[in-house]
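Text of query.tsv (TSV, C-alpha atoms and all ligand atoms) as supplied:
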```tsv
chain	number	residue	atom	x	y	z
F	1	MET	CA	-24.93	-3.62	-38.46
F	2	LEU	CA	-22.93	-2.46	-35.46
F	3	GLY	CA	-19.65	-0.62	-36.04
F	4	ARG	CA	-16.37	-2.31	-35.18
F	5	ILE	CA	-14.26	-1.14	-32.28
F	6	GLU	CA	-11.28	0.92	-33.34
F	7	ILE	CA	-8.20	-1.18	-32.62
F	8	PRO	CA	-5.33	0.98	-31.32
F	9	GLU	CA	-1.90	0.87	-32.94
F	10	SER	CA	-0.47	-0.40	-29.66
F	11	PHE	CA	-1.54	-1.20	-26.12
F	12	PRO	CA	-0.05	0.04	-22.87
F	13	VAL	CA	2.26	-2.56	-21.40
F	14	VAL	CA	0.80	-3.84	-18.14
F	15	GLY	CA	3.09	-2.88	-15.27
F	16	ASP	CA	5.44	-0.75	-17.39
F	17	ILE	CA	6.74	1.81	-14.89
F	18	SER	CA	10.15	2.35	-16.45
F	19	GLY	CA	11.44	5.85	-15.63
F	20	GLY	CA	8.53	6.45	-13.21
F	21	ARG	CA	9.12	8.52	-10.08
F	22	VAL	CA	7.62	6.67	-7.13
F	23	VAL	CA	7.26	7.59	-3.46
F	24	LEU	CA	6.82	4.52	-1.27
F	25	THR	CA	6.04	4.74	2.44
F	26	GLY	CA	6.69	1.89	4.84
F	27	ALA	CA	9.63	0.93	2.64
F	28	GLY	CA	11.97	-0.24	5.41
F	29	ARG	CA	10.84	-3.86	5.70
F	30	GLY	CA	8.02	-6.29	4.95
F	31	LEU	CA	5.72	-5.60	2.03
F	32	GLY	CA	7.21	-2.14	1.45
F	33	GLU	CA	10.71	-3.58	1.02
F	34	LEU	CA	9.24	-6.08	-1.43
F	35	LEU	CA	7.52	-3.30	-3.41
F	36	ALA	CA	10.73	-1.26	-3.44
F	37	HIS	CA	12.52	-4.15	-5.15
F	38	ALA	CA	9.69	-4.72	-7.61
F	39	PHE	CA	9.46	-1.07	-8.68
F	40	SER	CA	13.21	-0.55	-8.80
F	41	ARG	CA	13.75	-3.68	-10.88
F	42	ALA	CA	10.97	-2.49	-13.19
F	43	GLY	CA	13.02	0.65	-13.90
F	44	ALA	CA	11.37	3.15	-11.53
F	45	LYS	CA	13.13	5.67	-9.30
F	46	VAL	CA	11.98	5.01	-5.75
F	47	ALA	CA	11.86	7.43	-2.81
F	48	LEU	CA	11.91	5.26	0.32
F	49	VAL	CA	10.06	6.48	3.44
F	50	ALA	CA	10.07	5.05	6.99
F	51	ARG	CA	11.05	6.13	10.49
F	52	THR	CA	14.11	3.88	10.80
F	53	GLN	CA	17.06	5.24	8.80
F	54	ARG	CA	19.03	2.00	9.07
F	55	ASP	CA	16.20	0.03	7.41
F	56	ILE	CA	15.69	2.29	4.42
F	57	SER	CA	19.46	2.61	3.93
F	58	SER	CA	19.88	-1.14	3.76
F	59	VAL	CA	16.91	-1.51	1.40
F	60	ALA	CA	18.34	1.23	-0.84
F	61	ALA	CA	21.74	-0.48	-0.91
F	62	GLU	CA	20.18	-3.52	-2.58
F	63	LEU	CA	18.08	-1.74	-5.22
F	64	PRO	CA	19.34	-1.54	-8.79
F	65	GLY	CA	17.90	1.91	-9.57
F	66	PRO	CA	18.04	5.48	-8.20
F	67	THR	CA	16.64	6.10	-4.73
F	68	LEU	CA	15.97	8.94	-2.32
F	69	LEU	CA	15.73	8.31	1.41
F	70	PHE	CA	13.32	10.07	3.76
F	71	CYS	CA	13.43	9.20	7.42
F	72	GLY	CA	10.32	10.42	9.24
F	73	ASP	CA	6.80	9.85	10.41
F	74	VAL	CA	3.88	9.78	7.94
F	75	THR	CA	1.53	11.12	10.62
F	76	VAL	CA	3.29	14.48	10.42
F	77	ALA	CA	1.81	16.68	7.69
F	78	GLU	CA	4.97	18.75	7.27
F	79	PHE	CA	7.05	15.61	6.77
F	80	ASN	CA	4.82	14.45	3.90
F	81	GLU	CA	4.98	17.90	2.32
F	82	ALA	CA	8.77	17.92	2.63
F	83	VAL	CA	9.00	14.47	0.96
F	84	ALA	CA	6.83	15.73	-1.89
F	85	ASP	CA	8.85	18.91	-2.39
F	86	ALA	CA	12.26	17.26	-2.16
F	87	THR	CA	11.32	14.40	-4.51
F	88	ALA	CA	9.72	16.72	-7.06
F	89	SER	CA	12.70	19.04	-6.96
F	90	GLU	CA	15.22	16.17	-7.30
F	91	TRP	CA	13.39	14.22	-10.00
F	92	GLY	CA	11.25	16.90	-11.63
F	93	GLY	CA	7.92	15.51	-10.40
F	94	ILE	CA	6.16	12.51	-8.88
F	95	ASP	CA	4.18	9.95	-10.87
F	96	VAL	CA	3.14	7.45	-8.20
F	97	TRP	CA	2.72	7.72	-4.41
F	98	ILE	CA	2.16	4.48	-2.53
F	99	CYS	CA	0.86	4.92	1.04
F	100	ASN	CA	1.91	1.58	2.46
F	101	ALA	CA	3.13	2.44	5.98
F	102	GLY	CA	0.97	0.73	8.56
F	103	ILE	CA	0.92	-0.70	12.07
F	104	SER	CA	-1.11	-3.31	13.89
F	105	PRO	CA	0.17	-3.22	17.45
F	106	ILE	CA	-2.81	-4.60	19.33
F	107	VAL	CA	-5.08	-7.59	19.23
F	108	ALA	CA	-7.52	-6.86	22.02
F	109	GLY	CA	-11.19	-6.28	22.67
F	110	PRO	CA	-12.50	-2.76	23.21
F	111	LEU	CA	-12.07	-2.76	26.99
F	112	ASP	CA	-8.41	-3.69	26.62
F	113	THR	CA	-7.71	-1.17	23.89
F	114	PRO	CA	-6.49	2.07	25.47
F	115	PRO	CA	-7.76	5.17	23.65
F	116	GLU	CA	-4.18	6.16	22.78
F	117	ASP	CA	-3.64	2.81	21.01
F	118	TRP	CA	-6.83	3.32	18.99
F	119	ARG	CA	-5.70	6.81	18.04
F	120	GLU	CA	-2.23	5.67	17.04
F	121	VAL	CA	-3.52	3.01	14.64
F	122	ILE	CA	-5.97	5.43	13.02
F	123	ASP	CA	-3.29	8.10	12.92
F	124	VAL	CA	-0.70	6.00	11.07
F	125	ASN	CA	-2.90	3.81	8.87
F	126	LEU	CA	-5.58	6.32	7.89
F	127	THR	CA	-4.50	9.89	8.68
F	128	GLY	CA	-0.94	9.14	7.52
F	129	ALA	CA	-2.31	7.92	4.18
F	130	PHE	CA	-4.50	11.00	3.82
F	131	LEU	CA	-1.56	13.30	4.53
F	132	GLY	CA	0.52	11.46	1.93
F	133	ALA	CA	-2.27	11.72	-0.62
F	134	ARG	CA	-2.65	15.42	0.13
F	135	ALA	CA	1.06	16.11	-0.36
F	136	ALA	CA	1.16	13.97	-3.50
F	137	ALA	CA	-1.84	15.65	-5.11
F	138	ARG	CA	-0.27	19.07	-4.61
F	139	VAL	CA	2.89	18.24	-6.54
F	140	MET	CA	1.52	15.76	-9.09
F	141	GLY	CA	-0.37	18.47	-10.91
F	142	ASP	CA	-1.91	16.91	-13.97
F	143	GLY	CA	-1.96	13.15	-13.75
F	144	GLY	CA	-0.63	10.62	-11.28
F	145	ARG	CA	-1.35	7.52	-9.30
F	146	LEU	CA	-2.20	7.16	-5.63
F	147	ILE	CA	-2.17	3.63	-4.27
F	148	PHE	CA	-3.06	2.73	-0.68
F	149	THR	CA	-2.24	-0.54	1.03
F	150	GLY	CA	-5.49	-1.66	2.64
F	151	SER	CA	-6.27	-5.10	4.01
F	152	VAL	CA	-8.90	-7.78	3.73
F	153	LEU	CA	-9.49	-7.03	7.43
F	154	GLY	CA	-10.95	-3.69	6.33
F	155	GLU	CA	-13.64	-5.56	4.47
F	156	ARG	CA	-14.09	-8.48	6.85
F	157	PRO	CA	-12.98	-7.42	10.33
F	158	GLY	CA	-11.43	-9.81	12.79
F	159	LYS	CA	-12.01	-10.14	16.54
F	160	GLY	CA	-9.77	-7.85	18.57
F	161	LEU	CA	-8.88	-5.78	15.52
F	162	ALA	CA	-11.39	-2.94	15.76
F	163	ALA	CA	-8.83	-0.17	15.32
F	164	TYR	CA	-6.93	-1.88	12.51
F	165	SER	CA	-10.10	-2.94	10.67
F	166	ALA	CA	-11.61	0.54	11.06
F	167	SER	CA	-8.43	2.14	9.70
F	168	LYS	CA	-8.41	-0.11	6.63
F	169	ALA	CA	-12.16	0.22	6.02
F	170	GLY	CA	-11.65	3.96	6.31
F	171	LEU	CA	-9.08	3.79	3.52
F	172	VAL	CA	-11.70	2.34	1.20
F	173	GLY	CA	-14.15	5.20	1.83
F	174	MET	CA	-11.35	7.73	1.57
F	175	THR	CA	-10.15	6.22	-1.71
F	176	LYS	CA	-13.57	6.52	-3.32
F	177	ALA	CA	-13.97	10.13	-2.19
F	178	LEU	CA	-10.45	11.08	-3.30
F	179	ALA	CA	-10.98	9.34	-6.64
F	180	LEU	CA	-13.85	11.77	-7.25
F	181	ASP	CA	-11.94	14.77	-5.92
F	182	LEU	CA	-8.82	14.11	-7.95
F	183	ALA	CA	-10.37	12.83	-11.19
F	184	PRO	CA	-10.36	16.32	-12.73
F	185	SER	CA	-6.58	16.36	-12.21
F	186	GLY	CA	-6.16	12.97	-13.88
F	187	ILE	CA	-5.00	11.36	-10.64
F	188	THR	CA	-6.31	7.85	-10.05
F	189	VAL	CA	-6.78	6.55	-6.52
F	190	ASN	CA	-7.01	2.86	-5.65
F	191	VAL	CA	-6.52	0.42	-2.80
F	192	VAL	CA	-4.65	-2.86	-2.91
F	193	ALA	CA	-6.02	-5.06	-0.12
F	194	PRO	CA	-3.61	-7.89	0.61
F	195	GLY	CA	-4.74	-11.08	2.28
F	196	TRP	CA	-2.21	-12.84	4.51
F	197	PHE	CA	1.43	-12.44	3.55
F	198	ASP	CA	4.62	-13.42	5.32
F	199	SER	CA	6.07	-10.24	6.87
F	200	PRO	CA	7.19	-8.98	10.28
F	201	LEU	CA	3.72	-7.48	10.80
F	202	ALA	CA	2.03	-10.85	10.29
F	203	GLU	CA	4.64	-12.75	12.31
F	204	GLY	CA	2.33	-13.18	15.33
F	205	TRP	CA	-0.26	-14.94	13.18
F	206	LYS	CA	2.21	-16.95	11.10
F	207	SER	CA	4.08	-18.31	14.10
F	208	ASN	CA	0.88	-19.40	15.88
F	209	HIS	CA	0.16	-22.80	14.32
F	210	ARG	CA	-3.59	-22.72	15.03
F	211	LEU	CA	-4.05	-19.21	13.65
F	212	SER	CA	-1.80	-19.81	10.68
F	213	GLU	CA	-3.71	-22.97	9.74
F	214	SER	CA	-7.11	-21.30	10.15
F	215	ILE	CA	-6.00	-18.51	7.81
F	216	ARG	CA	-4.80	-21.08	5.28
F	217	GLU	CA	-8.08	-23.00	5.56
F	218	HIS	CA	-9.99	-19.76	5.17
F	219	THR	CA	-8.20	-18.89	1.92
F	220	ALA	CA	-9.73	-20.35	-1.26
F	221	LEU	CA	-6.28	-21.12	-2.69
F	222	LYS	CA	-5.32	-22.84	0.59
F	223	ARG	CA	-2.02	-21.08	1.22
F	224	TRP	CA	-0.50	-17.87	2.60
F	225	GLY	CA	0.48	-15.21	0.08
F	226	GLN	CA	4.02	-15.37	-1.24
F	227	PRO	CA	6.02	-12.24	-2.11
F	228	ALA	CA	5.67	-12.72	-5.86
F	229	ASP	CA	1.87	-12.84	-5.53
F	230	LEU	CA	1.54	-9.23	-4.43
F	231	VAL	CA	3.60	-6.91	-6.57
F	232	GLY	CA	1.72	-7.35	-9.86
F	233	ALA	CA	-1.36	-5.49	-8.59
F	234	TYR	CA	0.74	-2.45	-7.61
F	235	LEU	CA	2.73	-2.43	-10.85
F	236	PHE	CA	-0.47	-2.70	-12.85
F	237	LEU	CA	-2.19	0.13	-10.97
F	238	ALA	CA	0.90	2.33	-11.36
F	239	SER	CA	1.18	1.77	-15.11
F	240	ASP	CA	-0.61	3.33	-18.07
F	241	ALA	CA	-2.58	0.10	-18.47
F	242	ALA	CA	-4.65	1.15	-15.41
F	243	ALA	CA	-5.39	4.70	-16.61
F	244	PHE	CA	-9.18	4.14	-16.48
F	245	LEU	CA	-9.23	2.39	-13.12
F	246	THR	CA	-10.02	4.58	-10.13
F	247	GLY	CA	-11.85	4.26	-6.81
F	248	ALA	CA	-11.34	0.49	-6.81
F	249	VAL	CA	-10.29	-2.06	-4.21
F	250	VAL	CA	-8.09	-4.81	-5.62
F	251	ASN	CA	-8.10	-7.78	-3.23
F	252	VAL	CA	-4.92	-9.83	-3.55
F	253	ASP	CA	-6.01	-12.46	-1.08
F	254	GLY	CA	-6.11	-15.90	-2.69
F	255	GLY	CA	-9.89	-15.77	-2.30
F	256	TYR	CA	-9.84	-15.09	1.47
F	257	LEU	CA	-12.94	-12.92	1.20
F	258	LEU	CA	-14.83	-15.66	-0.65
F	259	VAL	CA	-14.60	-18.38	1.97
F	301	LIG	N1	1.75	-8.51	6.08
F	301	LIG	C1	0.49	-8.77	5.76
F	301	LIG	O1	0.08	-9.92	5.69
F	301	LIG	C2	-0.44	-7.61	5.45
F	301	LIG	C3	-1.74	-7.93	5.06
F	301	LIG	C4	-2.62	-6.89	4.75
F	301	LIG	C5	-2.19	-5.58	4.82
F	301	LIG	N2	-0.92	-5.29	5.22
F	301	LIG	C6	-0.55	-3.87	5.24
F	301	LIG	O2	0.64	-3.73	4.47
F	301	LIG	C7	1.35	-2.59	4.93
F	301	LIG	C8	2.77	-3.01	5.22
F	301	LIG	O3	2.70	-4.00	6.22
F	301	LIG	P1	3.91	-4.97	6.53
F	301	LIG	O4	3.31	-6.28	6.83
F	301	LIG	O5	4.96	-4.87	5.51
F	301	LIG	O6	4.40	-4.29	7.93
F	301	LIG	P2	5.85	-4.13	8.54
F	301	LIG	O7	6.70	-5.25	8.10
F	301	LIG	O8	5.67	-3.89	9.99
F	301	LIG	O9	6.40	-2.80	7.86
F	301	LIG	C9	5.76	-1.56	8.08
F	301	LIG	C10	6.59	-0.45	7.49
F	301	LIG	O10	5.90	0.80	7.74
F	301	LIG	C11	6.81	1.70	8.39
F	301	LIG	N3	6.05	2.59	9.29
F	301	LIG	C12	5.24	2.23	10.31
F	301	LIG	N4	4.74	3.31	10.91
F	301	LIG	C13	5.24	4.39	10.25
F	301	LIG	C14	5.11	5.79	10.41
F	301	LIG	N5	4.34	6.32	11.38
F	301	LIG	N6	5.77	6.61	9.55
F	301	LIG	C15	6.56	6.09	8.58
F	301	LIG	N7	6.72	4.76	8.37
F	301	LIG	C16	6.07	3.93	9.21
F	301	LIG	C17	7.76	0.79	9.14
F	301	LIG	O11	9.01	1.39	9.40
F	301	LIG	P3	9.36	2.17	10.76
F	301	LIG	O12	8.76	1.42	11.89
F	301	LIG	O13	10.84	2.22	10.73
F	301	LIG	O14	8.75	3.52	10.58
F	301	LIG	C18	7.95	-0.32	8.12
F	301	LIG	O15	8.91	0.06	7.15
F	301	LIG	C19	0.61	-2.07	6.16
F	301	LIG	O16	-0.20	-0.98	5.77
F	301	LIG	C20	-0.22	-3.26	6.58
F	301	LIG	O17	-1.37	-2.86	7.29
F	301	LIG	C21	-0.04	-6.27	5.54
```
Could you express the structure from this file as structure tokens?
Amino acid sequence: MLGRIEIPESFPVVGDISGGRVVLTGAGRGLGELLAHAFSRAGAKVALVARTQRDISSVAAELPGPTLLFCGDVTVAEFNEAVADATASEWGGIDVWICNAGISPIVAGPLDTPPEDWREVIDVNLTGAFLGARAAARVMGDGGRLIFTGSVLGERPGKGLAAYSASKAGLVGMTKALALDLAPSGITVNVVAPGWFDSPLAEGWKSNHRLSESIREHTALKRWGQPADLVGAYLFLASDAAAFLTGAVVNVDGGYLLV
């Protein structure tokens, strides 16, 4: 007869991040602003990072919990290190670092993509995330959570999106490698890959009726993502309930990759 599984006294509460110290890049608008609200309302302290001071100040003004504000560019290694040091010194450490800052400035074929545009997308979306992860890992010490915002376009590229798709596919490879590197330190590393959500970044697609409809048609659940659809994956990955989950890609896409 097989033995019975040992039932624990209690289970970690999914998404419980109360008291957690969270660094969130790209927090000035769009999905980052949404995540800032979700984490703050869940009881976390949130350090908000973006280049536009006005944006992060107005996000901070609406959050119920403690915040720190860091105005700067995630592509600059020293800036990431300074965010890590200042947050750790103010709050005594960092539990979660969410690399969410991203750009998608071009929709063009290779001949119409200037090399500097290619480099900028890779620099912000991929190198910026690596530099954040590097700074986070240094101060997290023993245990922590790294979460990257990827995209379904990293797994199924779109026409005219070579740079963006490459940057998001790169995040997946980087996540798996970092998950191995940082496992001995108890740091988990995962990607959340959103499908299509209303945000300033997706405005060009949403406002184009033909494109917007084709995205809807291409999504198994037949709709665009709504704000409330996204935050659960991040809260789950940040919480103790996800302690054994690392190197994974969580697609929050309404089944976009299935159709
Ligand atoms: N919206 C969607 O449907 C969707 C779908 C899949 C994936 N995503 C991904 O989700 C993430 C957020 O996208 P979003 O739609 O919320 O975009 P968004 O509305 O344009 O917001 C992007 C945020 O990132 C910040 N940012 C950009 N470059 C930065 C840099 N170099 N250094 C620091 N901060 C920087 C921006 O602020 P500043 O410009 O002031 O710096 C802004 O706060 C991105 O990684 C994007 O690729 C979005």
Next on the checklist: Taking only C-alpha atoms and all ligand atoms and a cut-off of 7 Å, can you tell me which residues surround ligand LIG 301 (chain F), written as number ranges by chain?
Outcome noted: F: 25-32, 49-52, 55, 72-75, 100-104, 124-125, 149-152, 193-202
Could you turn the residues from that selection into a file that holds C-alpha atoms, as a short mmCIF file (atom, residue, chain, number, x, y, z; two decimals), in the coordinates of the input?
```
data_model
loop_
_atom_site.label_atom_id
_atom_site.label_comp_id
_atom_site.auth_asym_id
_atom_site.auth_seq_id
_atom_site.Cartn_x
_atom_site.Cartn_y
_atom_site.Cartn_z
CA THR F 25 6.04 4.74 2.44
CA GLY F 26 6.69 1.89 4.84
CA ALA F 27 9.63 0.93 2.64
CA GLY F 28 11.97 -0.24 5.41
CA ARG F 29 10.84 -3.86 5.70
CA GLY F 30 8.02 -6.29 4.95
CA LEU F 31 5.72 -5.60 2.03
CA GLY F 32 7.21 -2.14 1.45
CA VAL F 49 10.06 6.48 3.44
CA ALA F 50 10.07 5.05 6.99
CA ARG F 51 11.05 6.13 10.49
CA THR F 52 14.11 3.88 10.80
CA ASP F 55 16.20 0.03 7.41
CA GLY F 72 10.32 10.42 9.24
CA ASP F 73 6.80 9.85 10.41
CA VAL F 74 3.88 9.78 7.94
CA THR F 75 1.53 11.12 10.62
CA ASN F 100 1.91 1.58 2.46
CA ALA F 101 3.13 2.44 5.98
CA GLY F 102 0.97 0.73 8.56
CA ILE F 103 0.92 -0.70 12.07
CA SER F 104 -1.11 -3.31 13.89
CA VAL F 124 -0.70 6.00 11.07
CA ASN F 125 -2.90 3.81 8.87
CA THR F 149 -2.24 -0.54 1.03
CA GLY F 150 -5.49 -1.66 2.64
CA SER F 151 -6.27 -5.10 4.01
CA VAL F 152 -8.90 -7.78 3.73
CA ALA F 193 -6.02 -5.06 -0.12
CA PRO F 194 -3.61 -7.89 0.61
CA GLY F 195 -4.74 -11.08 2.28
CA TRP F 196 -2.21 -12.84 4.51
CA PHE F 197 1.43 -12.44 3.55
CA ASP F 198 4.62 -13.42 5.32
CA SER F 199 6.07 -10.24 6.87
CA PRO F 200 7.19 -8.98 10.28
CA LEU F 201 3.72 -7.48 10.80
CA ALA F 202 2.03 -10.85 10.29
#
```
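You can rank F:Lys45, F:His37, F:Arg4, F:His218 by their closest distance to Ser58 in chain F using all atoms listed in the file, and at the top of that list sits F:His37.
Nearest-residue note for Trp97 in chain F: choosing from F:Leu126, F:Ala61, F:Ala135, F:Val121, the minimum distance belongs to F:Ala135, counting all atoms listed in the file.
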Item to check | Nearest to Val249 in chain F, chosen from F:Gly65, F:Gly154, F:Gly19, F:Gly92, with all atoms listed in the file counted in the distances | outcome: F:Gly154
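Taking all atoms listed in the file into account, Tyr164 in chain F lies nearest to F:Val107 out of the set F:Phe130, F:Arg216, F:Gly141, F:Val107.
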Item to check | Closest of F:Leu211, F:Ala137, F:Val76, F:Ala162 to Pro184 in chain F - atom-to-atom distances counting only C-alpha atoms | outcome: F:Ala137
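The space separating CA of Gly160 in chain F from CA of Val250 in chain F comes to 24.4 Å.
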Please produce range 47-67 of chain F, completed to N, CA, C and O atoms, as a CSV table (one decimal), keeping the file's coordinate frame.
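Just written: part-v1.csv:
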```
chain,number,residue,atom,x,y,z
F,47,ALA,N,11.6,6.7,-4.0
F,47,ALA,CA,11.9,7.4,-2.8
F,47,ALA,C,11.3,6.6,-1.6
F,47,ALA,O,10.1,6.3,-1.5
F,48,LEU,N,12.2,6.2,-0.8
F,48,LEU,CA,11.9,5.3,0.3
F,48,LEU,C,11.6,6.0,1.6
F,48,LEU,O,12.4,6.9,2.0
F,49,VAL,N,10.5,5.7,2.2
F,49,VAL,CA,10.1,6.5,3.4
F,49,VAL,C,9.8,5.5,4.6
F,49,VAL,O,9.1,4.5,4.4
F,50,ALA,N,10.4,5.8,5.7
F,50,ALA,CA,10.1,5.0,7.0
F,50,ALA,C,10.7,5.8,8.1
F,50,ALA,O,11.5,6.7,7.9
F,51,ARG,N,10.5,5.4,9.4
F,51,ARG,CA,11.0,6.1,10.5
F,51,ARG,C,12.5,5.7,10.8
F,51,ARG,O,13.2,6.4,11.5
F,52,THR,N,12.8,4.4,10.4
F,52,THR,CA,14.1,3.9,10.8
F,52,THR,C,15.1,4.0,9.7
F,52,THR,O,15.0,3.3,8.6
F,53,GLN,N,16.1,4.9,9.8
F,53,GLN,CA,17.1,5.2,8.8
F,53,GLN,C,17.8,4.0,8.4
F,53,GLN,O,18.0,3.7,7.2
F,54,ARG,N,18.2,3.2,9.4
F,54,ARG,CA,19.0,2.0,9.1
F,54,ARG,C,18.3,1.1,8.1
F,54,ARG,O,18.9,0.6,7.1
F,55,ASP,N,17.0,0.9,8.3
F,55,ASP,CA,16.2,0.0,7.4
F,55,ASP,C,16.1,0.5,6.0
F,55,ASP,O,16.4,-0.2,5.0
F,56,ILE,N,15.8,1.8,5.8
F,56,ILE,CA,15.7,2.3,4.4
F,56,ILE,C,17.1,2.4,3.7
F,56,ILE,O,17.2,2.1,2.5
F,57,SER,N,18.1,2.6,4.5
F,57,SER,CA,19.5,2.6,3.9
F,57,SER,C,19.8,1.2,3.4
F,57,SER,O,20.4,1.1,2.3
F,58,SER,N,19.5,0.2,4.2
F,58,SER,CA,19.9,-1.1,3.8
F,58,SER,C,19.0,-1.6,2.6
F,58,SER,O,19.5,-2.3,1.7
F,59,VAL,N,17.7,-1.2,2.6
F,59,VAL,CA,16.9,-1.5,1.4
F,59,VAL,C,17.5,-0.8,0.2
F,59,VAL,O,17.7,-1.5,-0.9
F,60,ALA,N,17.8,0.5,0.3
F,60,ALA,CA,18.3,1.2,-0.8
F,60,ALA,C,19.6,0.6,-1.4
F,60,ALA,O,19.8,0.6,-2.6
F,61,ALA,N,20.4,0.1,-0.5
F,61,ALA,CA,21.7,-0.5,-0.9
F,61,ALA,C,21.6,-1.7,-1.8
F,61,ALA,O,22.5,-2.0,-2.6
F,62,GLU,N,20.4,-2.3,-1.8
F,62,GLU,CA,20.2,-3.5,-2.6
F,62,GLU,C,19.4,-3.3,-3.8
F,62,GLU,O,19.1,-4.2,-4.6
F,63,LEU,N,18.9,-2.0,-4.0
F,63,LEU,CA,18.1,-1.7,-5.2
F,63,LEU,C,18.9,-1.4,-6.4
F,63,LEU,O,20.0,-0.7,-6.3
F,64,PRO,N,18.5,-1.8,-7.6
F,64,PRO,CA,19.3,-1.5,-8.8
F,64,PRO,C,19.2,-0.1,-9.3
F,64,PRO,O,20.1,0.4,-10.0
F,65,GLY,N,18.1,0.6,-9.0
F,65,GLY,CA,17.9,1.9,-9.6
F,65,GLY,C,18.1,3.0,-8.6
F,65,GLY,O,18.4,2.8,-7.4
F,66,PRO,N,17.9,4.3,-9.1
F,66,PRO,CA,18.0,5.5,-8.2
F,66,PRO,C,17.1,5.5,-7.0
F,66,PRO,O,15.9,5.0,-7.2
F,67,THR,N,17.5,6.0,-5.9
F,67,THR,CA,16.6,6.1,-4.7
F,67,THR,C,16.8,7.5,-4.1
F,67,THR,O,17.9,8.1,-4.2
```
